[in-house]
Amino acid sequence: MPAKACKDYRLEGRLIGHKNAINCLTISNNGSLLASGGSDGMRIWDLKRQLQLPSPRKNMGLQNPVDPVTCACWITRQEAVRETLCYGTGLGFIGIWQQQGEGIEDFDAKVSRRIGTGKEIMCITYDHAGDDTRIATGTRDRRVQVWSFDFKGPLIPVFSIELNIFGMYDGEVHALRGTDGVIIATNNAGPLM
């Protein structure tokens, strides 16, 4: 980027906490929190105070120092006042942290479990349909897994499929039916997507 174009940006501060590579970033819907995941774990930052928040005390199973966080997203519901962070790791763990109480700093580890065959979770997203929240992951072994999550209990499996139809750079995008994972549409975005 030319130096002239960079004049619109200025350094606001430094967030110090990660000691190694950062693999993913996601900002909460209200813009107050940043989650950063890397080869040394997941961090949540208060952007207003430019401060790292404490990790949940009982971060069950996700303390493996060789298990990098690979992807993350904030789950946002219109009626929710608490933030919920969902992330995946290189060893196939999914973690969900949910804000508790009134304080911005109080997060609790709601879910920590290894999914599927334990392959790297490459992407994670969510969707709402009425009161139902679904979380979808894509893993290195071409599996798409979808769960229902009610913000109180465990993940409930909806479906899991293996997509053997993907070429690495064929540009095909597949739409899956949310109830059983059947491909309902395929579009081609062109090569080298």
# chains A, B, ... in the order shown; residues from 1 in each chain; ligands from 1
call {"tool": "residues_around", "arguments": {"residues": "range 83-95 of chain A", "least_positions_apart": "6", "cutoff": "10 Å", "atoms": "only C-alpha atoms", "output": "PyMOL selection string"}}
result
chain A and resi 24+26-30+33+35-39+41-42+44+59-62+64+66-77+104+107-126+135+137-140+151+155
call {"tool": "residues_around", "arguments": {"residues": "Leu47 in chain A", "least_positions_apart": "5", "cutoff": "8 Å", "atoms": "only C-alpha atoms", "output": "ChimeraX atom specification"}}
result
/A:31-34
call {"tool": "write_last_selection", "arguments": {"atoms": "all heavy atoms", "output": "PDB file, in the first residue's frame"}}
result
ATOM      1  N   GLY A  31     -18.482  -4.280  19.223  1.00  0.00           N
ATOM      2  CA  GLY A  31     -17.185  -3.644  19.005  1.00  0.00           C
ATOM      3  C   GLY A  31     -16.339  -3.448  20.245  1.00  0.00           C
ATOM      4  O   GLY A  31     -15.268  -2.853  20.176  1.00  0.00           O
ATOM      5  N   SER A  32     -16.766  -3.956  21.384  1.00  0.00           N
ATOM      6  CA  SER A  32     -16.020  -3.708  22.614  1.00  0.00           C
ATOM      7  C   SER A  32     -14.955  -4.762  22.914  1.00  0.00           C
ATOM      8  O   SER A  32     -14.023  -4.502  23.662  1.00  0.00           O
ATOM      9  CB  SER A  32     -16.976  -3.612  23.804  1.00  0.00           C
ATOM     10  OG  SER A  32     -17.599  -4.865  24.032  1.00  0.00           O
ATOM     11  N   LEU A  33     -15.095  -5.952  22.324  1.00  0.00           N
ATOM     12  CA  LEU A  33     -14.171  -7.048  22.617  1.00  0.00           C
ATOM     13  C   LEU A  33     -13.517  -7.573  21.348  1.00  0.00           C
ATOM     14  O   LEU A  33     -14.146  -7.635  20.292  1.00  0.00           O
ATOM     15  CB  LEU A  33     -14.914  -8.205  23.300  1.00  0.00           C
ATOM     16  CG  LEU A  33     -15.592  -7.892  24.627  1.00  0.00           C
ATOM     17  CD1 LEU A  33     -16.423  -9.082  25.090  1.00  0.00           C
ATOM     18  CD2 LEU A  33     -14.568  -7.519  25.682  1.00  0.00           C
ATOM     19  N   LEU A  34     -12.267  -7.960  21.482  1.00  0.00           N
ATOM     20  CA  LEU A  34     -11.516  -8.604  20.414  1.00  0.00           C
ATOM     21  C   LEU A  34     -11.073  -9.963  20.938  1.00  0.00           C
ATOM     22  O   LEU A  34     -10.573 -10.058  22.062  1.00  0.00           O
ATOM     23  CB  LEU A  34     -10.278  -7.782  20.033  1.00  0.00           C
ATOM     24  CG  LEU A  34      -9.255  -8.457  19.120  1.00  0.00           C
ATOM     25  CD1 LEU A  34      -9.784  -8.557  17.700  1.00  0.00           C
ATOM     26  CD2 LEU A  34      -7.932  -7.709  19.149  1.00  0.00           C
TER      27      LEU A  34
END
call {"tool": "residues_around", "arguments": {"residues": "Gly181 in chain A", "least_positions_apart": "3", "cutoff": "12 Å", "atoms": "only C-alpha atoms", "output": "JSON, numbers by chain"}}
result
{"A": [136, 143, 144, 145, 146, 147, 157, 158, 159, 160, 161, 162, 163, 174, 175, 176, 177, 178, 184, 185]}
call {"tool": "write_last_selection", "arguments": {"atoms": "N, CA, C and O atoms", "output": "compact mmCIF listing (two decimals), in the first residue's frame"}}
result
# COMPACT_ATOMS: atom_id res chain seq x y z
N ALA A 136 -21.53 -24.48 12.93
CA ALA A 136 -20.99 -25.36 11.89
C ALA A 136 -19.48 -25.24 11.86
O ALA A 136 -18.93 -24.15 12.02
N ARG A 143 -14.70 -32.64 6.52
CA ARG A 143 -15.96 -32.91 7.21
C ARG A 143 -16.64 -31.58 7.59
O ARG A 143 -15.98 -30.66 8.06
N VAL A 144 -17.93 -31.55 7.35
CA VAL A 144 -18.76 -30.45 7.81
C VAL A 144 -19.62 -31.03 8.92
O VAL A 144 -20.30 -32.04 8.72
N GLN A 145 -19.56 -30.40 10.09
CA GLN A 145 -20.34 -30.86 11.23
C GLN A 145 -21.18 -29.70 11.74
O GLN A 145 -20.69 -28.57 11.84
N VAL A 146 -22.44 -29.99 12.05
CA VAL A 146 -23.37 -28.97 12.53
C VAL A 146 -23.98 -29.44 13.84
O VAL A 146 -24.36 -30.60 13.97
N TRP A 147 -24.03 -28.51 14.81
CA TRP A 147 -24.62 -28.77 16.12
C TRP A 147 -25.65 -27.70 16.43
O TRP A 147 -25.55 -26.57 15.99
N PRO A 157 -25.59 -32.85 18.32
CA PRO A 157 -25.30 -33.08 16.90
C PRO A 157 -26.56 -32.97 16.04
O PRO A 157 -27.62 -33.48 16.40
N VAL A 158 -26.43 -32.29 14.89
CA VAL A 158 -27.50 -32.21 13.90
C VAL A 158 -27.15 -33.10 12.72
O VAL A 158 -27.90 -33.98 12.34
N PHE A 159 -25.96 -32.90 12.14
CA PHE A 159 -25.46 -33.79 11.10
C PHE A 159 -23.96 -33.62 10.93
O PHE A 159 -23.37 -32.65 11.35
N SER A 160 -23.37 -34.62 10.29
CA SER A 160 -21.95 -34.60 9.95
C SER A 160 -21.81 -35.29 8.60
O SER A 160 -22.34 -36.38 8.40
N ILE A 161 -21.16 -34.62 7.66
CA ILE A 161 -20.95 -35.22 6.35
C ILE A 161 -19.50 -35.01 5.91
O ILE A 161 -18.83 -34.09 6.37
N GLU A 162 -19.05 -35.86 5.04
CA GLU A 162 -17.73 -35.70 4.43
C GLU A 162 -17.94 -35.26 3.00
O GLU A 162 -18.71 -35.87 2.25
N LEU A 163 -17.31 -34.16 2.63
CA LEU A 163 -17.45 -33.62 1.28
C LEU A 163 -16.28 -34.08 0.42
O LEU A 163 -15.22 -33.46 0.41
N HIS A 174 -20.77 -24.93 -2.19
CA HIS A 174 -21.93 -25.80 -2.03
C HIS A 174 -22.83 -25.29 -0.91
O HIS A 174 -22.34 -24.92 0.15
N ALA A 175 -24.13 -25.27 -1.16
CA ALA A 175 -25.11 -24.95 -0.12
C ALA A 175 -25.68 -26.27 0.39
O ALA A 175 -26.08 -27.13 -0.40
N LEU A 176 -25.66 -26.43 1.72
CA LEU A 176 -26.14 -27.67 2.33
C LEU A 176 -27.45 -27.43 3.05
O LEU A 176 -27.65 -26.38 3.67
N ARG A 177 -28.36 -28.39 2.99
CA ARG A 177 -29.60 -28.31 3.74
C ARG A 177 -29.27 -28.43 5.23
O ARG A 177 -28.51 -29.32 5.62
N GLY A 178 -29.83 -27.55 6.04
CA GLY A 178 -29.47 -27.48 7.45
C GLY A 178 -29.94 -28.62 8.31
O GLY A 178 -29.48 -28.80 9.42
N ILE A 184 -27.84 -28.84 -1.72
CA ILE A 184 -29.03 -28.37 -2.42
C ILE A 184 -28.70 -27.42 -3.56
O ILE A 184 -29.54 -27.16 -4.41
N ALA A 185 -27.47 -26.90 -3.59
CA ALA A 185 -27.07 -26.01 -4.69
C ALA A 185 -25.55 -25.98 -4.77
O ALA A 185 -24.86 -26.11 -3.76
call {"tool": "residues_around", "arguments": {"residues": "Val173 in chain A", "least_positions_apart": "6", "cutoff": "8 Å", "atoms": "only C-alpha atoms", "output": "short mmCIF file (atom, residue, chain, number, x, y, z; two decimals) with all heavy atoms, in the first residue's frame"}}
result
data_model
loop_
_atom_site.label_atom_id
_atom_site.label_comp_id
_atom_site.auth_asym_id
_atom_site.auth_seq_id
_atom_site.Cartn_x
_atom_site.Cartn_y
_atom_site.Cartn_z
N THR A 186 -25.06 -25.81 -5.98
CA THR A 186 -23.63 -25.65 -6.21
C THR A 186 -23.43 -24.48 -7.16
O THR A 186 -24.09 -24.39 -8.19
CB THR A 186 -23.02 -26.93 -6.82
OG1 THR A 186 -23.21 -28.01 -5.91
CG2 THR A 186 -21.54 -26.75 -7.08
N ASN A 187 -22.54 -23.58 -6.79
CA ASN A 187 -22.18 -22.45 -7.64
C ASN A 187 -20.69 -22.48 -7.87
O ASN A 187 -19.94 -22.92 -7.01
CB ASN A 187 -22.58 -21.12 -6.97
CG ASN A 187 -24.07 -20.99 -6.83
OD1 ASN A 187 -24.81 -21.13 -7.79
ND2 ASN A 187 -24.52 -20.75 -5.61
N ASN A 188 -20.27 -21.96 -9.00
CA ASN A 188 -18.85 -21.92 -9.30
C ASN A 188 -18.39 -20.48 -9.27
O ASN A 188 -18.86 -19.65 -10.05
CB ASN A 188 -18.56 -22.56 -10.65
CG ASN A 188 -17.08 -22.83 -10.80
OD1 ASN A 188 -16.25 -21.97 -10.53
ND2 ASN A 188 -16.74 -24.05 -11.19
N ALA A 189 -17.48 -20.19 -8.35
CA ALA A 189 -16.94 -18.84 -8.19
C ALA A 189 -15.71 -18.63 -9.06
O ALA A 189 -15.10 -17.57 -9.02
CB ALA A 189 -16.60 -18.58 -6.74
#
call {"tool": "select_by_dssp", "arguments": {"residues": "range 73-160 of chain A", "states": "strand (DSSP E)", "output": "PyMOL selection string"}}
result
chain A and resi 73-75+84-89+93-99+107-114+121-129+132-139+143-149+156-160
call {"tool": "atom_distance", "arguments": {"atom1": "CA of Asp132 in chain A", "atom2": "CA of Arg43 in chain A"}}
result
27.3 Å
call {"tool": "select_by_dssp", "arguments": {"residues": "chain A", "states": "helix (DSSP H, G or I)", "output": "number ranges by chain"}}
result
A: 3-8
call {"tool": "closest_residue", "arguments": {"among": "A:Asp106, A:Glu79, A:Gln98, A:Asp180", "to": "Asp131 in chain A", "atoms": "only C-alpha atoms"}}
result
A:Glu79
call {"tool": "atom_distance", "arguments": {"atom1": "CA of Ala21 in chain A", "atom2": "CA of Asp40 in chain A"}}
result
7.8 Å
